[in-house]
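Asks: Next comes the structure file entry29.pdb, holding PDB, C-alpha atoms.
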```
ATOM      1  CA  MET A 116     127.363  13.519  56.997
ATOM      2  CA  PRO A 117     129.243  10.347  58.094
ATOM      3  CA  PRO A 118     130.991   8.308  55.402
ATOM      4  CA  HIS A 119     128.916   5.612  53.718
ATOM      5  CA  GLY A 120     128.542   2.631  55.989
ATOM      6  CA  GLU A 121     129.631   4.494  59.136
ATOM      7  CA  PRO A 122     126.939   4.676  61.839
ATOM      8  CA  PRO A 123     125.787   8.172  62.857
ATOM      9  CA  PRO A 124     127.040   9.508  66.187
ATOM     10  CA  ALA A 125     125.002   8.926  69.314
ATOM     11  CA  GLY A 126     123.060  11.742  70.962
ATOM     12  CA  PRO A 127     120.964  14.439  69.303
ATOM     13  CA  GLY A 128     120.755  13.774  65.621
ATOM     14  CA  GLY A 129     122.387  10.365  65.982
ATOM     15  CA  ALA A 130     121.317   6.951  67.232
ATOM     16  CA  GLY A 131     118.503   7.392  69.728
ATOM     17  CA  GLY A 132     118.499  11.183  69.248
ATOM     18  CA  ASP A 133     116.585  13.776  67.310
ATOM     19  CA  PRO A 134     116.696  13.045  63.568
ATOM     20  CA  ASN A 135     116.649  16.810  62.926
ATOM     21  CA  PRO A 136     119.138  18.305  65.397
ATOM     22  CA  GLU A 137     119.885  22.000  65.563
ATOM     23  CA  ARG A 138     122.783  22.818  63.306
ATOM     24  CA  PRO A 139     124.688  25.984  62.426
ATOM     25  CA  ALA A 140     122.961  28.176  59.852
ATOM     26  CA  VAL A 141     123.671  26.935  56.362
ATOM     27  CA  TRP A 142     123.322  30.309  54.632
ATOM     28  CA  PRO A 143     126.610  32.249  54.309
ATOM     29  CA  LEU A 144     127.611  35.252  56.399
ATOM     30  CA  TRP A 145     127.419  37.668  53.468
ATOM     31  CA  THR A 146     123.659  37.155  53.297
ATOM     32  CA  VAL A 147     123.253  39.168  56.508
ATOM     33  CA  PRO A 148     124.389  42.580  55.169
ATOM     34  CA  ALA A 149     122.752  41.681  51.854
ATOM     35  CA  ALA A 150     119.415  41.018  53.597
ATOM     36  CA  VAL A 151     119.665  44.290  55.534
ATOM     37  CA  ALA A 152     120.303  46.242  52.330
ATOM     38  CA  LEU A 153     117.678  44.398  50.276
ATOM     39  CA  GLY A 154     115.139  44.591  53.091
ATOM     40  CA  LEU A 155     115.668  48.334  53.408
ATOM     41  CA  VAL A 156     115.178  48.857  49.669
ATOM     42  CA  LEU A 157     112.033  46.727  49.633
ATOM     43  CA  ALA A 158     110.716  48.445  52.755
ATOM     44  CA  LEU A 159     111.210  51.925  51.329
ATOM     45  CA  LEU A 160     109.565  50.968  48.053
ATOM     46  CA  SER A 161     106.627  49.168  49.628
ATOM     47  CA  THR A 162     105.902  51.870  52.202
ATOM     48  CA  SER A 163     106.123  54.505  49.470
ATOM     49  CA  VAL A 164     103.470  52.607  47.526
ATOM     50  CA  VAL A 165     101.259  52.427  50.620
ATOM     51  CA  ASP A 166     101.697  56.160  51.271
ATOM     52  CA  ALA A 167     100.958  56.941  47.631
ATOM     53  CA  LEU A 168      97.757  54.924  47.744
ATOM     54  CA  ALA A 169      96.778  56.630  50.984
ATOM     55  CA  SER A 170      97.451  60.012  49.413
ATOM     56  CA  ALA A 171      95.303  59.098  46.424
ATOM     57  CA  GLY A 172      92.550  58.132  48.849
ATOM     58  CA  GLY A 173      92.534  61.532  50.515
ATOM     59  CA  GLY A 174      95.423  61.294  52.944
ATOM     60  CA  SER A 175      98.870  62.831  52.653
ATOM     61  CA  PHE A 176     102.439  61.613  52.636
ATOM     62  CA  SER A 177     103.136  63.346  55.947
ATOM     63  CA  HIS A 178      99.905  62.122  57.572
ATOM     64  CA  PRO A 179      98.772  58.995  55.698
ATOM     65  CA  GLY A 180      96.200  57.995  58.306
ATOM     66  CA  THR A 181      95.871  55.198  60.827
ATOM     67  CA  VAL A 182      95.097  52.379  58.403
ATOM     68  CA  ALA A 183      97.870  53.320  55.990
ATOM     69  CA  THR A 184     100.369  53.723  58.830
ATOM     70  CA  ILE A 185      99.621  50.268  60.213
ATOM     71  CA  ILE A 186      99.765  48.680  56.765
ATOM     72  CA  GLY A 187     103.016  50.502  56.102
ATOM     73  CA  ASP A 188     104.521  49.203  59.349
ATOM     74  CA  VAL A 189     103.474  45.640  58.512
ATOM     75  CA  VAL A 190     104.896  45.699  54.981
ATOM     76  CA  PHE A 191     108.069  47.314  56.342
ATOM     77  CA  ASP A 192     108.681  44.338  58.645
ATOM     78  CA  LEU A 193     107.616  41.821  56.004
ATOM     79  CA  SER A 194     110.116  43.325  53.563
ATOM     80  CA  PHE A 195     113.002  42.234  55.783
ATOM     81  CA  VAL A 196     111.435  38.823  56.363
ATOM     82  CA  GLY A 197     111.072  38.380  52.612
ATOM     83  CA  ALA A 198     114.657  39.457  51.970
ATOM     84  CA  ALA A 199     115.991  37.029  54.568
ATOM     85  CA  LEU A 200     113.898  34.165  53.240
ATOM     86  CA  TRP A 201     114.868  34.767  49.631
ATOM     87  CA  LEU A 202     118.592  35.010  50.320
ATOM     88  CA  SER A 203     118.728  32.024  52.656
ATOM     89  CA  LEU A 204     116.567  29.757  50.493
ATOM     90  CA  THR A 205     118.502  30.547  47.329
ATOM     91  CA  GLN A 206     121.864  29.868  48.962
ATOM     92  CA  ALA A 207     121.255  26.590  50.778
ATOM     93  CA  LYS A 208     118.813  23.802  51.538
ATOM     94  CA  VAL A 209     117.153  25.268  54.599
ATOM     95  CA  ARG A 210     114.877  23.636  57.156
ATOM     96  CA  LEU A 211     112.392  25.370  59.424
ATOM     97  CA  GLN A 212     114.478  24.205  62.385
ATOM     98  CA  ASP A 213     117.420  26.232  61.089
ATOM     99  CA  PHE A 214     115.474  29.432  61.802
ATOM    100  CA  GLY A 215     114.494  28.223  65.277
ATOM    101  CA  PHE A 216     110.994  26.929  64.581
ATOM    102  CA  ARG A 217     111.414  24.161  67.141
ATOM    103  CA  ARG A 218     109.214  22.969  69.928
ATOM    104  CA  VAL A 219     110.814  23.481  73.294
ATOM    105  CA  ARG A 220     110.074  21.726  76.557
ATOM    106  CA  PRO A 221     107.790  23.979  78.653
ATOM    107  CA  SER A 222     110.161  23.895  81.629
ATOM    108  CA  THR A 223     113.094  24.942  79.432
ATOM    109  CA  GLY A 224     111.153  27.691  77.684
ATOM    110  CA  VAL A 225     109.647  29.118  80.870
ATOM    111  CA  ALA A 226     112.994  29.052  82.679
ATOM    112  CA  ALA A 227     114.719  30.814  79.790
ATOM    113  CA  VAL A 228     112.058  33.526  79.589
ATOM    114  CA  VAL A 229     112.043  34.102  83.370
ATOM    115  CA  VAL A 230     115.840  34.337  83.638
ATOM    116  CA  ALA A 231     116.052  36.580  80.571
ATOM    117  CA  ALA A 232     113.240  38.826  81.829
ATOM    118  CA  ILE A 233     114.820  39.214  85.275
ATOM    119  CA  SER A 234     118.174  40.028  83.695
ATOM    120  CA  TYR A 235     116.749  42.505  81.204
ATOM    121  CA  TYR A 236     114.380  44.351  83.525
ATOM    122  CA  GLY A 237     116.904  44.354  86.358
ATOM    123  CA  ILE A 238     119.651  45.925  84.238
ATOM    124  CA  THR A 239     117.168  48.284  82.585
ATOM    125  CA  ALA A 240     115.892  49.463  85.994
ATOM    126  CA  ILE A 241     119.433  50.294  87.062
ATOM    127  CA  TYR A 242     120.098  52.078  83.765
ATOM    128  CA  SER A 243     116.818  53.993  84.057
ATOM    129  CA  ALA A 244     117.602  55.095  87.605
ATOM    130  CA  LEU A 245     121.089  56.262  86.674
ATOM    131  CA  PHE A 246     120.039  58.219  83.588
ATOM    132  CA  HIS A 247     116.502  59.247  84.669
ATOM    133  CA  LEU A 248     114.810  57.868  81.589
ATOM    134  CA  HIS A 249     111.487  59.231  80.450
ATOM    135  CA  GLY A 250     109.585  59.188  77.188
ATOM    136  CA  LYS A 251     107.233  56.973  75.228
ATOM    137  CA  ASP A 252     107.144  54.980  72.036
ATOM    138  CA  LYS A 253     106.231  57.162  69.083
ATOM    139  CA  LEU A 254     104.110  54.666  67.138
ATOM    140  CA  PRO A 255     100.998  54.381  69.363
ATOM    141  CA  SER A 256     100.742  58.140  69.855
ATOM    142  CA  GLU A 257     100.995  58.682  66.112
ATOM    143  CA  LEU A 258      98.102  56.282  65.623
ATOM    144  CA  ASP A 259      95.909  57.952  68.256
ATOM    145  CA  VAL A 260      95.065  54.667  69.988
ATOM    146  CA  THR A 261      93.385  56.429  72.900
ATOM    147  CA  HIS A 262      90.592  57.798  70.685
ATOM    148  CA  SER A 263      89.799  54.824  68.461
ATOM    149  CA  THR A 264      88.991  51.268  69.505
ATOM    150  CA  ALA A 265      89.715  49.958  66.020
ATOM    151  CA  ALA A 266      93.122  51.671  66.020
ATOM    152  CA  LEU A 267      93.867  50.288  69.475
ATOM    153  CA  ILE A 268      93.082  46.725  68.378
ATOM    154  CA  ALA A 269      95.097  47.076  65.186
ATOM    155  CA  VAL A 270      98.095  48.573  66.998
ATOM    156  CA  ALA A 271      97.930  45.911  69.720
ATOM    157  CA  ILE A 272      97.980  43.127  67.127
ATOM    158  CA  PHE A 273     100.883  44.709  65.282
ATOM    159  CA  VAL A 274     102.968  45.732  68.297
ATOM    160  CA  CYS A 275     102.369  42.625  70.413
ATOM    161  CA  ALA A 276     102.155  39.870  67.787
ATOM    162  CA  VAL A 277     103.162  40.787  64.232
ATOM    163  CA  ALA A 278     106.270  42.802  65.114
ATOM    164  CA  PRO A 279     107.641  40.185  67.549
ATOM    165  CA  ILE A 280     107.113  37.426  64.964
ATOM    166  CA  CYS A 281     108.812  39.320  62.132
ATOM    167  CA  GLU A 282     111.635  40.767  64.204
ATOM    168  CA  GLU A 283     112.436  37.498  65.952
ATOM    169  CA  PHE A 284     112.544  35.683  62.644
ATOM    170  CA  PHE A 285     114.841  38.274  61.063
ATOM    171  CA  PHE A 286     117.122  39.037  63.997
ATOM    172  CA  ARG A 287     117.241  35.843  66.050
ATOM    173  CA  GLY A 288     116.292  33.305  63.399
ATOM    174  CA  PHE A 289     118.132  34.607  60.346
ATOM    175  CA  MET A 290     120.759  37.141  61.450
ATOM    176  CA  PHE A 291     121.941  35.564  64.707
ATOM    177  CA  GLY A 292     121.770  32.150  63.068
ATOM    178  CA  ALA A 293     124.330  33.216  60.463
ATOM    179  CA  LEU A 294     126.531  35.486  62.581
ATOM    180  CA  ARG A 295     127.067  32.839  65.247
ATOM    181  CA  ASN A 296     129.182  31.021  62.639
ATOM    182  CA  ILE A 297     131.824  33.771  62.862
ATOM    183  CA  PRO A 298     135.057  31.938  63.739
ATOM    184  CA  LEU A 299     136.122  33.305  67.122
ATOM    185  CA  ARG A 300     137.654  31.249  69.890
ATOM    186  CA  ILE A 301     138.775  32.597  73.245
ATOM    187  CA  GLY A 302     140.706  29.754  74.781
ATOM    188  CA  SER A 303     138.333  26.822  74.872
ATOM    189  CA  VAL A 304     135.251  29.051  74.533
ATOM    190  CA  ASP A 305     133.459  29.527  71.222
ATOM    191  CA  GLY A 306     133.064  33.288  71.083
ATOM    192  CA  GLY A 307     131.092  33.283  67.843
ATOM    193  CA  PRO A 308     127.616  33.222  69.459
ATOM    194  CA  TRP A 309     128.574  35.949  71.937
ATOM    195  CA  LEU A 310     129.897  38.238  69.211
ATOM    196  CA  ALA A 311     126.819  37.463  67.111
ATOM    197  CA  ALA A 312     124.558  38.365  70.046
ATOM    198  CA  VAL A 313     126.348  41.703  70.510
ATOM    199  CA  ILE A 314     126.155  42.620  66.812
ATOM    200  CA  THR A 315     122.532  41.533  66.532
ATOM    201  CA  GLY A 316     121.617  43.430  69.696
ATOM    202  CA  ILE A 317     123.197  46.640  68.408
ATOM    203  CA  LEU A 318     121.360  46.390  65.093
ATOM    204  CA  PHE A 319     118.116  45.494  66.861
ATOM    205  CA  GLY A 320     118.334  48.640  68.948
ATOM    206  CA  ALA A 321     119.296  50.750  65.945
ATOM    207  CA  VAL A 322     116.241  49.781  63.875
ATOM    208  CA  HIS A 323     113.939  51.126  66.590
ATOM    209  CA  THR A 324     115.212  54.667  66.131
ATOM    210  CA  SER A 325     111.947  55.737  64.490
ATOM    211  CA  SER A 326     109.644  54.153  67.095
ATOM    212  CA  ALA A 327     111.445  54.768  70.395
ATOM    213  CA  SER A 328     113.106  57.698  72.120
ATOM    214  CA  ALA A 329     116.894  57.813  71.714
ATOM    215  CA  GLN A 330     117.400  57.176  75.434
ATOM    216  CA  TYR A 331     115.737  53.763  75.089
ATOM    217  CA  LEU A 332     117.939  52.497  72.253
ATOM    218  CA  ILE A 333     120.581  51.112  74.624
ATOM    219  CA  PRO A 334     118.022  49.102  76.670
ATOM    220  CA  LEU A 335     116.485  47.888  73.405
ATOM    221  CA  GLY A 336     119.924  46.826  72.192
ATOM    222  CA  PHE A 337     120.423  44.937  75.441
ATOM    223  CA  LEU A 338     117.028  43.277  74.961
ATOM    224  CA  GLY A 339     118.166  42.177  71.509
ATOM    225  CA  PHE A 340     121.323  40.711  73.052
ATOM    226  CA  VAL A 341     119.352  38.845  75.728
ATOM    227  CA  LEU A 342     116.916  37.452  73.169
ATOM    228  CA  CYS A 343     119.869  36.071  71.188
ATOM    229  CA  LEU A 344     121.034  34.200  74.283
ATOM    230  CA  VAL A 345     117.526  32.784  74.728
ATOM    231  CA  ARG A 346     117.538  31.600  71.103
ATOM    232  CA  TRP A 347     120.991  30.080  71.547
ATOM    233  CA  ARG A 348     120.279  28.260  74.790
ATOM    234  CA  THR A 349     116.817  26.933  73.921
ATOM    235  CA  GLY A 350     117.375  26.308  70.204
ATOM    236  CA  SER A 351     113.947  27.814  69.589
ATOM    237  CA  LEU A 352     112.410  31.110  68.494
ATOM    238  CA  TYR A 353     109.226  30.588  70.481
ATOM    239  CA  PRO A 354     110.550  31.706  73.895
ATOM    240  CA  CYS A 355     112.054  34.743  72.135
ATOM    241  CA  MET A 356     108.711  35.615  70.586
ATOM    242  CA  ALA A 357     106.977  35.167  73.947
ATOM    243  CA  LEU A 358     109.353  37.508  75.809
ATOM    244  CA  HIS A 359     109.422  40.054  72.980
ATOM    245  CA  SER A 360     105.625  40.065  72.836
ATOM    246  CA  ALA A 361     105.257  40.406  76.614
ATOM    247  CA  ASN A 362     107.732  43.298  76.667
ATOM    248  CA  ASN A 363     105.828  45.115  73.920
ATOM    249  CA  ALA A 364     102.524  44.500  75.677
ATOM    250  CA  LEU A 365     103.930  45.922  78.899
ATOM    251  CA  ALA A 366     105.275  48.976  77.073
ATOM    252  CA  LEU A 367     101.940  49.575  75.350
ATOM    253  CA  GLY A 368      99.757  48.864  78.360
ATOM    254  CA  VAL A 369     101.802  50.719  80.975
ATOM    255  CA  ASN A 370     103.446  53.595  79.110
ATOM    256  CA  GLN A 371     100.738  54.446  76.590
ATOM    257  CA  LEU A 372      97.406  53.244  77.895
ATOM    258  CA  GLY A 373      97.824  53.242  81.673
ATOM    259  CA  TRP A 374      96.020  49.921  81.928
ATOM    260  CA  SER A 375      95.630  47.914  85.128
ATOM    261  CA  ALA A 376      97.666  44.770  85.746
ATOM    262  CA  PRO A 377      94.803  42.366  84.855
ATOM    263  CA  ALA A 378      94.216  44.172  81.551
ATOM    264  CA  ILE A 379      97.911  44.009  80.670
ATOM    265  CA  ILE A 380      98.090  40.322  81.589
ATOM    266  CA  GLY A 381      95.091  39.752  79.338
ATOM    267  CA  LEU A 382      96.871  41.583  76.504
ATOM    268  CA  VAL A 383      99.984  39.426  76.990
ATOM    269  CA  LEU A 384      97.990  36.181  76.973
ATOM    270  CA  ALA A 385      95.943  37.259  73.951
ATOM    271  CA  SER A 386      99.139  38.154  72.091
ATOM    272  CA  TRP A 387     100.659  34.759  72.889
ATOM    273  CA  LEU A 388      97.533  33.050  71.568
ATOM    274  CA  VAL A 389      97.787  34.982  68.296
ATOM    275  CA  ILE A 390     101.465  34.065  67.945
ATOM    276  CA  ALA A 391     100.739  30.423  68.761
ATOM    277  CA  ALA A 392      97.950  30.319  66.177
ATOM    278  CA  LEU A 393     100.129  31.855  63.456
ATOM    279  CA  MET A 394     103.494  30.250  64.209
ATOM    280  CA  GLY A 395     102.575  27.077  66.101
ATOM    281  CA  PRO A 396     101.914  25.020  62.942
ATOM    282  CA  LEU A 397     105.529  25.659  61.862
ATOM    283  CA  ALA A 398     107.028  24.101  65.001
ATOM    284  CA  GLN A 399     109.272  21.100  64.421
ATOM    285  CA  PRO A 400     110.247  18.402  66.954
ATOM    286  CA  ALA A 401     112.473  19.459  69.826
ATOM    287  CA  PRO A 402     115.908  17.860  70.245
ATOM    288  CA  ARG A 403     115.950  14.845  72.524
ATOM    289  CA  PRO A 404     118.646  14.727  75.205
ATOM    290  CA  ALA A 405     121.683  12.572  74.532
TER
END
```
Produce structure tokens that represent the structure in this file.
Replies:
Amino acid sequence: MPPHGEPPPAGPGGAGGDPNPERPAVWPLWTVPAAVALGLVLALLSTSVVDALASAGGGSFSHPGTVATIIGDVVFDLSFVGAALWLSLTQAKVRLQDFGFRRVRPSTGVAAVVVAAISYYGITAIYSALFHLHGKDKLPSELDVTHSTAALIAVAIFVCAVAPICEEFFFRGFMFGALRNIPLRIGSVDGGPWLAAVITGILFGAVHTSSASAQYLIPLGFLGFVLCLVRWRTGSLYPCMALHSANNALALGVNQLGWSAPAIIGLVLASWLVIAALMGPLAQPAPRPA
């Protein structure tokens, strides 16, 4: 804050700029490992409760059933969201903008998503060709989406909307937001955001160990890295959620269901509408140019 009586600087956040400019995360770095640990504890406890209830209802711990599995996956993701929220809110005065809930100009958001998608799928195609990747996500097959319409709808909502919302909040909103404050300068370049993107990408890939084949963890880590750059350059989580959702819809529609292009496009658009309905009301004003 400027000293009393001193006018604020011009540009975003100053005279003629956005009154709520993007700022570095105000929660300390130690909250990141703390949130990972707390989130894991909460996730294990909550999913154990879900499995126990499913077992009491006639299921089993090894095969809890479709409904219990979906609920367990949702509470697993929400456990990390809750841990991040609790730690950040108890350590600092946090605004929604600090997590990336900012409106973004359509041209900026679309350009960021297109460039990120071309980069990710281009590098992944090269990687796939070199290492002859094959395999599918484990989650949809475990839920038997090809034999139940209700399971298919539930999995689609979770995979293409709920998971992108929760994971983008935790990884790009909370984790990357804090880690980018790591003091690292390489000449005149601030290396903090780049290091933060690498660390976040590695952890993002690692958490998908249970839902993706091991050969896909490196591409998933790279996706996590790319999504961090999108968050950094746009100042918003919404383009990240859009790309994450589209990627999941493609994976589900192509790899698991063998859907046609129009059906997959419909799934992508429907997923974006769900995300917009759930997260749109949280959007804060976008920064105005200096």
Asks: Nearest to Phe285 in chain A among A:Thr146, A:Thr162, A:Ser326, A:Ser303, with distances taken over only C-alpha atoms: which residue is it?
Replies: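 Closest to Phe285 in chain A, using only C-alpha atoms: A:Thr146.
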Asks: Could you tell me which residues the PyMOL selection byres ((chain A and resi 286) around 9) returns for this structure, as a PyMOL selection string?
Replies: chain A and resi 281-285+287-292+315-316+318-319+339+343
Asks: Name the residues in contact with Leu155 in chain A at a cut-off of 8 Å, using all atoms listed in the file, excluding same-chain residues fewer than 4 positions from it; report them as number ranges by chain.
Replies: A: 151, 159, 194-195
Asks: Go ahead and compute the interatomic distance for CA of Phe214 in chain A and CA of Leu299 in chain A, in Å to one decimal.
Replies: 21.7 Å
Asks: May I ask which of the residues A:Ile297, A:Leu267, A:Val164, A:Val209 is the closest one to Ile314 in chain A, counting all atoms listed in the file?
Replies: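 Of all the options, A:Ile297 lies closest to Ile314 in chain A.
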Asks: Would you write out, as CSV, a table of all residues in range 307-366 of chain A that have an atom no more than 12 Å from an atom of range 238-245 of chain A, listing for each the closest atom pair and the distance in Å to one decimal, considering only C-alpha atoms and ordering rows by chain and rising residue number?
Replies:
```
residue,atom,partner,partner_atom,distance
A:Gln330,CA,A:Ser243,CA,9.2
A:Tyr331,CA,A:Ser243,CA,9.0
A:Leu332,CA,A:Thr239,CA,11.2
A:Ile333,CA,A:Thr239,CA,9.1
A:Pro334,CA,A:Thr239,CA,6.0
A:Leu335,CA,A:Thr239,CA,9.2
A:Gly336,CA,A:Thr239,CA,10.9
A:Phe337,CA,A:Thr239,CA,8.5
A:Leu338,CA,A:Thr239,CA,9.1
A:Val341,CA,A:Ile238,CA,11.1
```
Asks: Take the residues that were just selected and, keeping C-alpha atoms, output them as a tab-separated table (two decimals), in the frame of the given file.
Replies:
```
chain	number	residue	atom	x	y	z
A	330	GLN	CA	117.40	57.18	75.43
A	331	TYR	CA	115.74	53.76	75.09
A	332	LEU	CA	117.94	52.50	72.25
A	333	ILE	CA	120.58	51.11	74.62
A	334	PRO	CA	118.02	49.10	76.67
A	335	LEU	CA	116.48	47.89	73.40
A	336	GLY	CA	119.92	46.83	72.19
A	337	PHE	CA	120.42	44.94	75.44
A	338	LEU	CA	117.03	43.28	74.96
A	341	VAL	CA	119.35	38.84	75.73
```
Asks: Could you please determine the separation between CA of Leu352 in chain A and CA of Trp309 in chain A in Å, to one decimal place?
Replies: 17.2 Å
Asks: To one decimal place, how far is CA of Asn370 in chain A from CA of Val274 in chain A in Å?
Replies: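 So the two atoms, CA of Asn370 in chain A and CA of Val274 in chain A, lie 13.4 Å apart.
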Asks: Residues within 9 Å of Leu342 in chain A, please, as a PyMOL selection string. Count all atoms listed in the file; anything in the same chain fewer than 6 positions from it doesn't count.
Replies: chain A and resi 228+231+283+287+312+316+354-356+358-359
Asks: Please write the residues picked by the PyMOL selection byres ((chain A and resi 398) around 6) on this file as a list of chain:residue names.
Replies: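 Here the PyMOL selection byres ((chain A and resi 398) around 6) matches A:Phe216, A:Arg217, A:Arg218, A:Gly395, A:Pro396, A:Leu397, A:Gln399.
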Asks: Can you tell me which residues surround Leu367 in chain A at a distance of at most 9 Å, considering only C-alpha atoms, apart from same-chain residues fewer than 5 positions away, and format the answer as a list in words?
Replies: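 With the cut-off at 9 Å, the set is Asp252, Pro255, Ala271, Val274, Cys275, Asn362, Leu372, Gly373, Trp374 and Ile379 of chain A.
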Asks: Box in all listed atoms of range 217-228 of chain A, axis-aligned, with 5 Å more on each side; write out centre and edge lengths in Å to one decimal as lines of an AutoDock Vina configuration file.
Replies:
```
center_x = 111.3
center_y = 27.6
center_z = 74.9
size_x = 16.9
size_y = 21.8
size_z = 25.5
```
Asks: Given all atoms listed in the file as the basis, pick out the residue of A:Gln371, A:Ser386, A:Thr349, A:Ser161 nearest to Val225 in chain A.
Replies: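 Comparing A:Gln371, A:Ser386, A:Thr349, A:Ser161 against Val225 in chain A, the winner is A:Thr349.
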Asks: Quick check on the file I pasted: which residues fall under the PyMOL selection byres ((chain A and resi 144) around 12)? Write them as a ChimeraX atom specification.
Replies: /A:139-143,145-150,199,202-203,206,289-298,311
Asks: Please identify all polymer residues within 12 Å of Ala357 in chain A, counting only C-alpha atoms, omitting same-chain residues fewer than 4 positions from it, and present them as a PyMOL selection string.
Replies: chain A and resi 224-225+227-229+231-232+275-280+283+342+345-346+351-353+361-364+383-391+394
Asks: Compare A:Gly306, A:Asp166, A:Leu382, A:Tyr236 by their minimum atom-to-atom distance to Ile185 in chain A, counting only C-alpha atoms, and give me the closest one.
Replies: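 Among the listed residues, A:Asp166 lies closest to Ile185 in chain A.
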